[in-house]
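What follows is the content of query-v8.cif (mmCIF, C-alpha atoms).
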data_structure
loop_
_atom_site.label_atom_id
_atom_site.label_comp_id
_atom_site.auth_asym_id
_atom_site.auth_seq_id
_atom_site.Cartn_x
_atom_site.Cartn_y
_atom_site.Cartn_z
CA MET A 1 140.10 222.41 173.47
CA ASP A 2 136.39 223.25 172.99
CA LYS A 3 135.35 224.50 169.56
CA PRO A 4 134.28 228.18 169.75
CA ASN A 5 131.02 229.45 168.24
CA THR A 6 133.06 231.59 165.87
CA TYR A 7 136.74 231.79 164.98
CA ARG A 8 136.38 235.46 164.03
CA GLY A 9 135.20 236.95 167.33
CA GLY A 10 138.58 237.68 168.91
CA PRO A 11 140.25 239.28 170.62
CA ASN A 12 138.36 239.91 173.85
CA GLU A 13 138.21 243.33 175.50
CA HIS A 14 141.68 242.79 176.95
CA GLY A 15 143.21 241.90 173.60
CA HIS A 16 143.47 238.15 174.22
CA PHE A 17 142.99 235.29 171.80
CA GLY A 18 142.60 232.47 174.33
CA ILE A 19 145.75 232.72 176.48
CA TYR A 20 147.63 234.66 173.76
CA GLY A 21 147.92 238.34 172.88
CA GLY A 22 147.42 241.02 175.53
CA ARG A 23 149.47 244.10 176.34
CA TYR A 24 152.81 243.36 178.02
CA VAL A 25 154.46 246.78 177.74
CA ALA A 26 156.32 249.28 179.90
CA GLU A 27 154.16 251.54 182.02
CA THR A 28 155.25 254.55 179.96
CA LEU A 29 153.88 252.93 176.81
CA MET A 30 150.45 252.03 178.17
CA PRO A 31 148.88 255.50 177.61
CA LEU A 32 150.07 255.40 173.97
CA ILE A 33 148.67 251.92 173.41
CA LEU A 34 145.33 252.92 174.89
CA GLU A 35 145.30 256.06 172.73
CA VAL A 36 145.85 253.96 169.60
CA GLU A 37 143.07 251.57 170.65
CA ARG A 38 140.58 254.39 171.25
CA ALA A 39 141.47 256.04 167.96
CA TYR A 40 141.12 252.79 166.02
CA GLU A 41 137.76 251.93 167.59
CA ALA A 42 136.49 255.41 166.66
CA ALA A 43 137.84 255.11 163.11
CA LYS A 44 136.18 251.71 162.61
CA ALA A 45 132.83 253.26 163.52
CA ASP A 46 133.31 256.20 161.16
CA PRO A 47 132.23 255.45 157.57
CA THR A 48 134.37 258.31 156.25
CA PHE A 49 137.49 256.45 157.43
CA ALA A 50 136.55 253.32 155.48
CA ALA A 51 135.67 255.41 152.42
CA GLU A 52 138.98 257.26 152.57
CA MET A 53 140.95 254.01 152.89
CA ASP A 54 138.97 252.38 150.08
CA GLY A 55 139.74 255.35 147.84
CA TYR A 56 143.49 254.98 148.38
CA PHE A 57 143.21 251.21 147.89
CA LYS A 58 141.63 251.69 144.48
CA THR A 59 143.53 254.67 143.12
CA TYR A 60 146.93 254.41 144.85
CA VAL A 61 147.50 250.75 145.80
CA GLY A 62 145.80 249.36 142.70
CA ARG A 63 143.20 247.14 144.33
CA PRO A 64 141.57 244.76 143.78
CA SER A 65 144.65 242.65 143.11
CA PRO A 66 143.95 239.89 140.55
CA LEU A 67 143.17 236.25 141.31
CA TYR A 68 145.11 234.42 138.60
CA PHE A 69 144.58 230.82 137.46
CA ALA A 70 148.05 229.24 137.29
CA GLU A 71 147.43 226.92 134.37
CA ARG A 72 150.98 225.66 133.91
CA MET A 73 151.57 225.00 137.60
CA THR A 74 148.25 223.15 137.71
CA ALA A 75 149.26 220.99 134.74
CA GLU A 76 152.80 220.41 136.07
CA PHE A 77 151.89 219.38 139.60
CA GLY A 78 148.54 217.65 138.94
CA GLY A 79 145.56 217.53 141.28
CA ALA A 80 144.10 220.81 142.49
CA ARG A 81 143.41 223.84 140.33
CA ILE A 82 145.96 226.39 141.55
CA TYR A 83 145.08 230.07 141.80
CA LEU A 84 147.53 232.82 142.80
CA LYS A 85 146.29 235.89 144.68
CA ARG A 86 148.54 238.60 143.20
CA GLU A 87 149.44 240.83 146.16
CA ASP A 88 152.83 241.17 144.46
CA LEU A 89 151.14 243.51 141.96
CA ASN A 90 150.21 246.08 144.60
CA HIS A 91 152.04 249.41 144.60
CA THR A 92 155.42 248.81 146.34
CA GLY A 93 155.21 245.12 145.41
CA ALA A 94 153.74 243.48 148.49
CA HIS A 95 150.67 243.17 150.72
CA LYS A 96 152.36 245.42 153.29
CA ILE A 97 150.99 248.57 151.65
CA ASN A 98 147.39 247.64 152.68
CA ASN A 99 148.14 247.95 156.37
CA CYS A 100 150.42 250.95 155.96
CA VAL A 101 147.73 253.00 154.24
CA GLY A 102 145.30 252.15 157.04
CA GLN A 103 147.68 252.97 159.89
CA ALA A 104 149.02 256.14 158.25
CA LEU A 105 145.46 257.43 157.89
CA LEU A 106 144.89 256.55 161.56
CA ALA A 107 148.08 258.37 162.63
CA ARG A 108 146.95 261.41 160.69
CA ARG A 109 143.55 261.35 162.44
CA MET A 110 145.42 261.17 165.77
CA GLY A 111 147.50 264.24 164.89
CA LYS A 112 150.80 262.33 165.02
CA ARG A 113 153.48 264.00 162.93
CA ARG A 114 156.32 261.43 163.07
CA ILE A 115 156.22 257.76 162.04
CA ILE A 116 158.58 255.00 163.16
CA ALA A 117 158.65 251.41 161.94
CA GLU A 118 160.82 248.32 161.86
CA THR A 119 161.42 246.03 158.93
CA GLY A 120 163.04 242.70 158.11
CA ALA A 121 162.85 242.04 154.38
CA GLY A 122 162.30 245.73 153.75
CA GLN A 123 158.83 245.40 152.23
CA HIS A 124 157.15 246.90 155.29
CA GLY A 125 159.84 249.58 155.48
CA VAL A 126 159.31 250.51 151.83
CA ALA A 127 155.54 250.58 152.28
CA THR A 128 155.87 252.75 155.41
CA ALA A 129 158.31 255.13 153.70
CA THR A 130 155.91 255.30 150.76
CA VAL A 131 152.85 256.33 152.76
CA CYS A 132 154.96 258.81 154.76
CA ALA A 133 156.01 260.43 151.48
CA LEU A 134 152.38 260.42 150.36
CA PHE A 135 151.16 262.10 153.56
CA ASN A 136 154.27 264.26 154.16
CA LEU A 137 155.22 262.61 157.45
CA PRO A 138 158.84 262.26 158.71
CA CYS A 139 159.77 258.57 158.85
CA VAL A 140 162.42 256.54 160.71
CA VAL A 141 162.79 252.82 159.90
CA TYR A 142 164.79 250.51 162.18
CA MET A 143 166.44 247.61 160.35
CA GLY A 144 168.94 244.99 161.44
CA LYS A 145 172.42 245.31 159.98
CA THR A 146 172.19 241.75 158.65
CA ASP A 147 168.94 242.53 156.86
CA ILE A 148 170.35 245.80 155.49
CA GLU A 149 173.13 243.83 153.84
CA ARG A 150 170.83 241.23 152.25
CA GLN A 151 168.07 243.68 151.26
CA ALA A 152 170.12 246.56 149.84
CA PRO A 153 167.64 247.49 147.05
CA ASN A 154 164.85 248.03 149.56
CA VAL A 155 167.13 250.12 151.79
CA PHE A 156 167.89 252.32 148.79
CA ARG A 157 164.16 252.64 148.02
CA MET A 158 163.39 253.73 151.59
CA LYS A 159 166.07 256.41 151.48
CA MET A 160 164.88 257.68 148.09
CA LEU A 161 161.38 258.00 149.57
CA GLY A 162 162.79 260.24 152.28
CA ALA A 163 162.98 257.81 155.20
CA GLU A 164 165.89 257.59 157.61
CA VAL A 165 167.04 253.96 157.91
CA ARG A 166 168.68 253.33 161.30
CA PRO A 167 170.89 250.21 161.40
CA VAL A 168 170.49 247.90 164.41
CA THR A 169 173.57 245.91 165.43
CA SER A 170 172.39 244.26 168.65
CA GLY A 171 171.50 240.56 168.89
CA SER A 172 171.32 238.85 165.52
CA ALA A 173 170.84 242.25 163.83
CA THR A 174 167.53 241.12 162.29
CA LEU A 175 163.82 241.87 162.68
CA LYS A 176 163.53 240.99 166.39
CA ASP A 177 166.27 243.43 167.30
CA ALA A 178 164.88 246.16 165.03
CA MET A 179 161.51 245.85 166.81
CA ASN A 180 163.25 246.27 170.19
CA GLU A 181 164.85 249.52 169.01
CA ALA A 182 161.58 250.84 167.58
CA LEU A 183 159.86 250.26 170.94
CA ARG A 184 162.67 252.16 172.71
CA ASP A 185 162.23 255.07 170.29
CA TRP A 186 158.47 255.12 170.94
CA VAL A 187 158.99 255.33 174.70
CA ALA A 188 161.40 258.24 174.25
CA ASN A 189 159.18 260.18 171.83
CA VAL A 190 155.71 259.76 173.24
CA GLU A 191 154.28 263.12 172.25
CA ASP A 192 154.40 263.20 168.47
CA THR A 193 155.31 259.68 167.30
CA TYR A 194 153.17 256.84 165.91
CA TYR A 195 154.65 253.33 165.79
CA LEU A 196 153.49 251.67 162.55
CA ILE A 197 153.81 247.92 163.21
CA GLY A 198 153.81 245.80 160.07
CA THR A 199 152.54 242.43 161.20
CA THR A 200 149.86 240.80 163.35
CA ALA A 201 152.07 240.90 166.45
CA GLY A 202 152.88 243.39 169.20
CA PRO A 203 150.60 244.65 171.97
CA HIS A 204 146.83 244.91 171.54
CA PRO A 205 145.29 246.44 169.40
CA TYR A 206 148.02 245.92 166.75
CA PRO A 207 147.41 242.19 166.00
CA SER A 208 143.70 242.67 165.31
CA MET A 209 144.12 246.10 163.70
CA VAL A 210 146.70 244.84 161.17
CA ARG A 211 144.50 241.78 160.53
CA ASP A 212 141.52 244.01 159.82
CA PHE A 213 143.46 246.15 157.34
CA GLN A 214 144.82 243.04 155.58
CA SER A 215 141.46 241.22 155.45
CA VAL A 216 140.78 242.98 152.17
CA ILE A 217 142.85 240.12 150.66
CA GLY A 218 140.45 237.38 151.75
CA GLU A 219 137.34 239.45 151.08
CA GLU A 220 138.47 239.93 147.48
CA VAL A 221 139.25 236.21 147.09
CA ARG A 222 135.70 235.32 148.21
CA GLN A 223 134.22 237.51 145.49
CA GLN A 224 136.78 236.67 142.81
CA MET A 225 136.51 232.91 143.28
CA ARG A 226 132.72 233.07 143.07
CA GLU A 227 133.07 234.97 139.80
CA ALA A 228 135.68 232.52 138.43
CA GLU A 229 134.31 229.18 139.68
CA GLY A 230 130.89 229.95 141.16
CA ARG A 231 131.82 228.91 144.69
CA LEU A 232 134.25 229.34 147.57
CA PRO A 233 137.81 227.98 147.37
CA ASP A 234 138.51 224.60 148.97
CA THR A 235 142.04 225.25 150.20
CA LEU A 236 143.97 228.37 151.22
CA LEU A 237 147.77 228.53 151.52
CA ALA A 238 150.02 231.34 152.77
CA CYS A 239 153.42 231.74 154.39
CA ILE A 240 153.80 232.99 157.98
CA GLY A 241 156.45 234.96 159.76
CA GLY A 242 154.56 237.32 162.04
CA GLY A 243 151.48 236.38 160.05
CA SER A 244 149.94 239.42 158.35
CA ASN A 245 149.48 238.19 154.78
CA SER A 246 148.16 234.83 155.95
CA MET A 247 145.75 236.34 158.46
CA GLY A 248 144.54 238.75 155.79
CA LEU A 249 143.70 235.83 153.48
CA PHE A 250 142.41 233.46 156.15
CA HIS A 251 140.26 235.60 158.42
CA PRO A 252 137.22 236.05 156.14
CA PHE A 253 137.11 232.22 155.72
CA LEU A 254 137.66 231.06 159.31
CA ASP A 255 133.98 230.30 159.86
CA GLU A 256 133.61 228.47 156.53
CA PRO A 257 133.85 224.77 157.53
CA THR A 258 134.40 223.57 153.95
CA VAL A 259 137.54 225.67 153.49
CA ARG A 260 140.80 223.99 154.49
CA ILE A 261 143.38 226.53 155.69
CA VAL A 262 147.13 225.88 155.74
CA ALA A 263 149.95 228.19 156.87
CA VAL A 264 153.63 227.60 156.10
CA GLU A 265 156.43 228.34 158.56
CA ALA A 266 160.11 228.65 157.63
CA ALA A 267 161.99 225.44 158.51
CA GLY A 268 165.28 227.05 157.46
CA GLU A 269 168.02 224.40 157.31
CA GLY A 270 165.67 221.91 158.98
CA ILE A 271 163.82 221.86 162.31
CA ALA A 272 166.28 219.32 163.74
CA THR A 273 169.26 221.60 163.04
CA GLY A 274 167.91 224.37 165.27
CA LYS A 275 168.47 226.86 162.41
CA HIS A 276 164.90 227.73 161.51
CA ALA A 277 162.07 230.18 162.23
CA ALA A 278 159.29 227.67 162.97
CA SER A 279 157.96 228.99 166.27
CA LEU A 280 154.85 226.81 166.24
CA ALA A 281 156.64 223.61 165.27
CA ALA A 282 159.49 224.06 167.74
CA GLY A 283 158.57 226.89 170.12
CA ARG A 284 156.51 227.32 173.26
CA PRO A 285 154.41 230.11 174.78
CA GLY A 286 156.17 233.15 176.21
CA VAL A 287 156.13 236.95 176.07
CA LEU A 288 157.96 239.12 173.53
CA HIS A 289 157.32 242.54 171.97
CA GLY A 290 154.22 243.19 174.04
CA ASN A 291 152.25 239.99 173.48
CA ARG A 292 152.10 236.38 174.64
CA THR A 293 152.56 233.89 171.85
CA TYR A 294 154.64 230.94 170.66
CA LEU A 295 158.36 231.81 170.69
CA LEU A 296 161.66 230.11 170.00
CA GLN A 297 163.26 229.85 173.44
CA ASP A 298 166.06 227.99 175.18
CA ALA A 299 165.60 225.99 178.39
CA ASP A 300 165.96 229.18 180.46
CA GLY A 301 163.31 231.08 178.49
CA GLN A 302 165.80 233.23 176.59
CA ILE A 303 164.77 234.04 173.01
CA GLU A 304 166.70 232.00 170.46
CA GLU A 305 167.82 233.43 167.14
CA ALA A 306 165.65 232.54 164.16
CA HIS A 307 166.98 231.63 160.73
CA SER A 308 165.42 231.69 157.29
CA VAL A 309 166.73 232.34 153.80
CA SER A 310 163.83 234.80 153.66
CA ALA A 311 164.46 237.95 155.73
CA GLY A 312 160.72 238.50 156.10
CA LEU A 313 160.22 235.16 157.88
CA ASP A 314 163.32 235.47 160.08
CA TYR A 315 161.44 236.16 163.36
CA PRO A 316 161.40 233.98 166.52
CA GLY A 317 157.68 234.42 167.16
CA ILE A 318 154.28 234.53 165.51
CA GLY A 319 151.15 236.65 165.86
CA PRO A 320 148.95 235.68 168.84
CA GLU A 321 145.86 234.93 166.74
CA HIS A 322 147.85 232.32 164.83
CA ALA A 323 149.00 230.82 168.15
CA TRP A 324 145.35 230.47 169.19
CA LEU A 325 144.21 229.09 165.82
CA HIS A 326 146.99 226.53 166.10
CA ASP A 327 145.84 225.40 169.53
CA VAL A 328 142.13 225.18 168.61
CA GLY A 329 143.04 223.31 165.42
CA ARG A 330 141.28 225.55 162.87
CA VAL A 331 144.41 226.20 160.81
CA GLU A 332 147.04 223.60 159.83
CA TYR A 333 150.63 224.73 160.31
CA VAL A 334 153.38 223.08 158.28
CA SER A 335 156.99 223.99 157.51
CA ILE A 336 159.17 224.32 154.40
CA THR A 337 162.98 224.40 154.30
CA ASP A 338 165.20 227.01 152.64
CA ALA A 339 166.11 224.55 149.89
CA GLU A 340 162.46 223.71 149.16
CA ALA A 341 161.56 227.42 149.03
CA VAL A 342 164.39 228.23 146.64
CA ALA A 343 163.36 225.33 144.37
CA ALA A 344 159.77 226.63 144.37
CA PHE A 345 161.06 230.15 143.65
CA HIS A 346 162.51 228.83 140.37
CA GLN A 347 159.50 226.63 139.56
CA CYS A 348 157.04 229.51 139.86
CA THR A 349 159.32 231.80 137.87
CA ARG A 350 159.79 229.39 134.99
CA LEU A 351 156.27 227.95 134.84
CA GLU A 352 154.24 231.14 135.27
CA GLY A 353 156.62 234.02 134.55
CA ILE A 354 156.06 235.28 138.09
CA ILE A 355 159.11 235.83 140.33
CA PRO A 356 157.82 235.37 143.88
CA ALA A 357 159.28 236.81 147.06
CA LEU A 358 161.16 234.16 149.02
CA GLU A 359 158.45 234.46 151.67
CA SER A 360 155.76 233.58 149.11
CA ALA A 361 157.98 230.82 147.71
CA HIS A 362 157.49 228.94 150.99
CA ALA A 363 153.74 228.82 150.28
CA VAL A 364 154.37 227.81 146.67
CA ALA A 365 156.66 225.01 147.87
CA HIS A 366 153.88 223.54 149.99
CA ALA A 367 151.45 223.89 147.08
CA VAL A 368 153.88 221.75 145.06
CA LYS A 369 153.51 219.03 147.72
CA LEU A 370 149.82 219.43 148.48
CA ALA A 371 148.21 219.94 145.06
CA PRO A 372 148.92 216.40 143.74
CA THR A 373 147.20 214.92 146.83
CA LEU A 374 143.96 216.81 146.09
CA GLY A 375 141.27 216.12 143.50
CA PRO A 376 141.04 218.03 140.20
CA ASP A 377 137.95 219.86 141.47
CA ASN A 378 139.80 221.26 144.47
CA LEU A 379 140.28 225.03 144.22
CA LEU A 380 143.61 225.92 145.85
CA VAL A 381 144.54 229.58 146.45
CA VAL A 382 148.16 230.54 147.19
CA ASN A 383 148.74 234.06 148.48
CA MET A 384 151.60 235.70 146.56
CA SER A 385 152.43 238.14 149.33
CA GLY A 386 155.25 239.91 147.49
CA ARG A 387 157.42 240.01 144.40
CA GLY A 388 160.93 238.61 144.25
CA ASP A 389 162.95 241.56 142.97
CA LYS A 390 164.22 242.21 146.50
CA ASP A 391 165.55 238.64 146.78
CA LEU A 392 167.54 238.45 143.56
CA ASP A 393 170.83 239.21 145.37
CA THR A 394 170.11 236.42 147.87
CA ILE A 395 169.35 233.91 145.11
CA ALA A 396 172.41 235.00 143.13
CA ARG A 397 174.70 234.59 146.15
CA LEU A 398 173.28 231.14 146.88
CA GLU A 399 174.02 230.10 143.31
CA GLY A 400 177.45 231.70 143.08
CA THR A 401 176.44 234.45 140.68
CA THR A 402 177.48 238.11 140.93
CA LEU A 403 174.88 240.62 139.74
#

Output the structure of this file as structure tokens.
Amino acid sequence: MDKPNTYRGGPNEHGHFGIYGGRYVAETLMPLILEVERAYEAAKADPTFAAEMDGYFKTYVGRPSPLYFAERMTAEFGGARIYLKREDLNHTGAHKINNCVGQALLARRMGKRRIIAETGAGQHGVATATVCALFNLPCVVYMGKTDIERQAPNVFRMKMLGAEVRPVTSGSATLKDAMNEALRDWVANVEDTYYLIGTTAGPHPYPSMVRDFQSVIGEEVRQQMREAEGRLPDTLLACIGGGSNSMGLFHPFLDEPTVRIVAVEAAGEGIATGKHAASLAAGRPGVLHGNRTYLLQDADGQIEEAHSVSAGLDYPGIGPEHAWLHDVGRVEYVSITDAEAVAAFHQCTRLEGIIPALESAHAVAHAVKLAPTLGPDNLLVVNMSGRGDKDLDTIARLEGTTL
């Protein structure tokens, strides 16, 4: 595939990144999608919108999040100097709040008075419930029954914040099925409802809009690494489910040829077992949830169930911009198993006193492998997309402990 002049120019006017992306939605949804696109384009051109969002980032979210030199991990693993971008220190404990502030402000500009969302690990649901409390907006969060059981603390947080959490029992009762239900709700409540999607997937303009709101992560890393080391990082690492934290870190660096960029899919119990969530490693292009992208499918094109120890990575697809970056070869995509992620969860906790989300532990696990192969001058940044409090029950169950 020919190298483009820029990796940051997409999507085109139809919402496509190469052959990926687009708007594959029911006819009744198209006016809503176009309304969101028009509103977002107007907001981007309005400096008061950026100023308002920046104010909430600084005084409510707690940005900028720190860039921390992980001295003990660097000494333990050898090779590269490892830095951790501390999105886990944001209000609500994950990067998800960045996008939720942006979209809630957009919904308010559009005059929408009801917010719906879907969530897997619960971090996006908590962030959505939080901004709805902040802006006094009724909130409904769809969540798979399986995820409700393994993310009980986050379900409790959402309810305390005033959100209604609607269990989804269809399919595998995980994120894919919750997104289906949220789309059905949106079709049925077109007048007053805004659908706050949490990742870089869904119909255009959501993939690029979420990316834009999350790009504050990479923009901060550029400045912070210059202050710490006097130059850009050499290597970036982040986990991917739908792809929002990774795209937020990567996008400001895509046109920097010296920066190596690596994304980590969930290999679950191993790619060969079929119990994984690695849509790039083992999927093929298809259409789901309003966009064309790589999906886990059977021979007949039916969507296969994904599996990961991390609820936030348990999705059978990936954002369309990642699918394109995979095909053009700008970003490397690798995979990490459940067992490797759990081992890295403990290593990060004991070496740095930082309990990572299981999603982030996938990125840490690849850093454990990659850092020793790099020189001591290599500056490696791992995005800590969320904190691990929500995953303590999962870890305890795996290890036979009752909390």

Discussion item. Can you translate the PyMOL selection byres ((chain A and resi 173) around 8) into the concrete residues it hits in this file, as a PyMOL selection string?
Written reply: chain A and resi 143-147+168-172+174-178

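Between CA of Gly312 (chain A) and CA of Thr401 (chain A) there is a distance of 22.4 Å.
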
Discussion item. Ranking A:Leu296, A:Val221, A:Ala51, A:Val36 by minimum distance to Ala107 (chain A) and counting only C-alpha atoms, which one comes first?
Written reply: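 Under the stated criterion, the closest residue is A:Val36.
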
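Picture a line from CA of Val381 (chain A) to CA of Phe345 (chain A); it runs 16.8 Å.
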
Mind telling me what the PyMOL selection byres ((chain A and resi 186) around 10) catches here, as a PDB file with C-alpha atoms, keeping the file's coordinate frame?
ATOM      1  CA  THR A  28     155.250 254.550 179.960  1.00  0.00           C
ATOM      2  CA  LEU A  29     153.880 252.930 176.810  1.00  0.00           C
ATOM      3  CA  LEU A  32     150.070 255.400 173.970  1.00  0.00           C
ATOM      4  CA  ILE A 115     156.220 257.760 162.040  1.00  0.00           C
ATOM      5  CA  ILE A 116     158.580 255.000 163.160  1.00  0.00           C
ATOM      6  CA  ALA A 117     158.650 251.410 161.940  1.00  0.00           C
ATOM      7  CA  GLU A 181     164.850 249.520 169.010  1.00  0.00           C
ATOM      8  CA  ALA A 182     161.580 250.840 167.580  1.00  0.00           C
ATOM      9  CA  LEU A 183     159.860 250.260 170.940  1.00  0.00           C
ATOM     10  CA  ARG A 184     162.670 252.160 172.710  1.00  0.00           C
ATOM     11  CA  ASP A 185     162.230 255.070 170.290  1.00  0.00           C
ATOM     12  CA  VAL A 187     158.990 255.330 174.700  1.00  0.00           C
ATOM     13  CA  ALA A 188     161.400 258.240 174.250  1.00  0.00           C
ATOM     14  CA  ASN A 189     159.180 260.180 171.830  1.00  0.00           C
ATOM     15  CA  VAL A 190     155.710 259.760 173.240  1.00  0.00           C
ATOM     16  CA  GLU A 191     154.280 263.120 172.250  1.00  0.00           C
ATOM     17  CA  ASP A 192     154.400 263.200 168.470  1.00  0.00           C
ATOM     18  CA  THR A 193     155.310 259.680 167.300  1.00  0.00           C
ATOM     19  CA  TYR A 194     153.170 256.840 165.910  1.00  0.00           C
ATOM     20  CA  TYR A 195     154.650 253.330 165.790  1.00  0.00           C
TER      21      TYR A 195
END

Item to complete: Can you work out which one of A:Lys44, A:His95, A:Arg81, A:Arg350 has the shortest atom-to-atom distance to Arg63 (chain A), counting all atoms listed in the file?
Response: A:His95

Once the PyMOL selection byres ((chain A and resi 152-166) around 10) is applied to the coordinates I shared, what remains selected? I want it as an mmCIF file with C-alpha atoms, in the coordinates of the input.
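Written file, result.cif:
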data_model
loop_
_atom_site.group_PDB
_atom_site.id
_atom_site.type_symbol
_atom_site.label_atom_id
_atom_site.label_comp_id
_atom_site.auth_asym_id
_atom_site.auth_seq_id
_atom_site.Cartn_x
_atom_site.Cartn_y
_atom_site.Cartn_z
ATOM 1 C CA THR A 92 155.420 248.810 146.340
ATOM 2 C CA ILE A 115 156.220 257.760 162.040
ATOM 3 C CA ILE A 116 158.580 255.000 163.160
ATOM 4 C CA ALA A 117 158.650 251.410 161.940
ATOM 5 C CA GLU A 118 160.820 248.320 161.860
ATOM 6 C CA THR A 119 161.420 246.030 158.930
ATOM 7 C CA ALA A 121 162.850 242.040 154.380
ATOM 8 C CA GLY A 122 162.300 245.730 153.750
ATOM 9 C CA GLN A 123 158.830 245.400 152.230
ATOM 10 C CA HIS A 124 157.150 246.900 155.290
ATOM 11 C CA GLY A 125 159.840 249.580 155.480
ATOM 12 C CA VAL A 126 159.310 250.510 151.830
ATOM 13 C CA ALA A 127 155.540 250.580 152.280
ATOM 14 C CA THR A 128 155.870 252.750 155.410
ATOM 15 C CA ALA A 129 158.310 255.130 153.700
ATOM 16 C CA THR A 130 155.910 255.300 150.760
ATOM 17 C CA VAL A 131 152.850 256.330 152.760
ATOM 18 C CA CYS A 132 154.960 258.810 154.760
ATOM 19 C CA ALA A 133 156.010 260.430 151.480
ATOM 20 C CA LEU A 134 152.380 260.420 150.360
ATOM 21 C CA ASN A 136 154.270 264.260 154.160
ATOM 22 C CA LEU A 137 155.220 262.610 157.450
ATOM 23 C CA PRO A 138 158.840 262.260 158.710
ATOM 24 C CA CYS A 139 159.770 258.570 158.850
ATOM 25 C CA VAL A 140 162.420 256.540 160.710
ATOM 26 C CA VAL A 141 162.790 252.820 159.900
ATOM 27 C CA TYR A 142 164.790 250.510 162.180
ATOM 28 C CA MET A 143 166.440 247.610 160.350
ATOM 29 C CA GLY A 144 168.940 244.990 161.440
ATOM 30 C CA LYS A 145 172.420 245.310 159.980
ATOM 31 C CA ASP A 147 168.940 242.530 156.860
ATOM 32 C CA ILE A 148 170.350 245.800 155.490
ATOM 33 C CA GLU A 149 173.130 243.830 153.840
ATOM 34 C CA ARG A 150 170.830 241.230 152.250
ATOM 35 C CA GLN A 151 168.070 243.680 151.260
ATOM 36 C CA PRO A 167 170.890 250.210 161.400
ATOM 37 C CA VAL A 168 170.490 247.900 164.410
ATOM 38 C CA THR A 169 173.570 245.910 165.430
ATOM 39 C CA ALA A 178 164.880 246.160 165.030
ATOM 40 C CA GLU A 181 164.850 249.520 169.010
ATOM 41 C CA ALA A 182 161.580 250.840 167.580
ATOM 42 C CA ASP A 389 162.950 241.560 142.970
ATOM 43 C CA LYS A 390 164.220 242.210 146.500
ATOM 44 C CA ASP A 391 165.550 238.640 146.780
ATOM 45 C CA LEU A 392 167.540 238.450 143.560
ATOM 46 C CA ASP A 393 170.830 239.210 145.370
#

Worksheet item: Residues at most 8 Å from region 285-287 of chain A, counting all atoms listed in the file, excluding those fewer than 5 positions away in the same chain, as a list in words?
Response: Tyr24, Arg292, Thr293, Tyr294, Leu295 and Gly301 of chain A

Item to complete: Name the closest residue to Ala281 (chain A) among the candidates A:Ser335, A:Asn378, A:Thr199, A:Asn90; distances are taken between atoms, counting all atoms listed in the file.
Response: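 Distance minimum relative to Ala281 (chain A) lands on A:Ser335.
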
Discussion item. Here's a test: counting all atoms listed in the file, identify every protein, DNA and RNA residue with an atom at most 10 Å from (150.5, 234.8, 136.2) in the file's coordinate frame, and state them as an NGL selection string.
Written reply: :A and (66-73 or 83-86 or 348-349 or 351-355)

As JSON: centre and edge lengths in Å, one decimal, of the axis-aligned box holding region 159-165 of chain A with 6 Å per side:
{"center_x": 164.2, "center_y": 257.1, "center_z": 153.0, "size_x": 17.7, "size_y": 18.3, "size_z": 21.8}

Item to complete: May I have the residues within 10 Å of Ala277 (chain A) as an MDAnalysis selection string, using all atoms listed in the file and disregarding those fewer than 5 positions away in the same chain?
Response: chainID A and resid 240:241 265:271 282:283 295:296 304:310 313:318 335 337

Writer output for current selection, C-alpha atoms, as a PDB file, in the frame of the given file:
ATOM      1  CA  ILE A 240     153.800 232.990 157.980  1.00  0.00           C
ATOM      2  CA  GLY A 241     156.450 234.960 159.760  1.00  0.00           C
ATOM      3  CA  GLU A 265     156.430 228.340 158.560  1.00  0.00           C
ATOM      4  CA  ALA A 266     160.110 228.650 157.630  1.00  0.00           C
ATOM      5  CA  ALA A 267     161.990 225.440 158.510  1.00  0.00           C
ATOM      6  CA  GLY A 268     165.280 227.050 157.460  1.00  0.00           C
ATOM      7  CA  GLU A 269     168.020 224.400 157.310  1.00  0.00           C
ATOM      8  CA  GLY A 270     165.670 221.910 158.980  1.00  0.00           C
ATOM      9  CA  ILE A 271     163.820 221.860 162.310  1.00  0.00           C
ATOM     10  CA  ALA A 282     159.490 224.060 167.740  1.00  0.00           C
ATOM     11  CA  GLY A 283     158.570 226.890 170.120  1.00  0.00           C
ATOM     12  CA  LEU A 295     158.360 231.810 170.690  1.00  0.00           C
ATOM     13  CA  LEU A 296     161.660 230.110 170.000  1.00  0.00           C
ATOM     14  CA  GLU A 304     166.700 232.000 170.460  1.00  0.00           C
ATOM     15  CA  GLU A 305     167.820 233.430 167.140  1.00  0.00           C
ATOM     16  CA  ALA A 306     165.650 232.540 164.160  1.00  0.00           C
ATOM     17  CA  HIS A 307     166.980 231.630 160.730  1.00  0.00           C
ATOM     18  CA  SER A 308     165.420 231.690 157.290  1.00  0.00           C
ATOM     19  CA  VAL A 309     166.730 232.340 153.800  1.00  0.00           C
ATOM     20  CA  SER A 310     163.830 234.800 153.660  1.00  0.00           C
ATOM     21  CA  LEU A 313     160.220 235.160 157.880  1.00  0.00           C
ATOM     22  CA  ASP A 314     163.320 235.470 160.080  1.00  0.00           C
ATOM     23  CA  TYR A 315     161.440 236.160 163.360  1.00  0.00           C
ATOM     24  CA  PRO A 316     161.400 233.980 166.520  1.00  0.00           C
ATOM     25  CA  GLY A 317     157.680 234.420 167.160  1.00  0.00           C
ATOM     26  CA  ILE A 318     154.280 234.530 165.510  1.00  0.00           C
ATOM     27  CA  SER A 335     156.990 223.990 157.510  1.00  0.00           C
ATOM     28  CA  THR A 337     162.980 224.400 154.300  1.00  0.00           C
TER      29      THR A 337
END
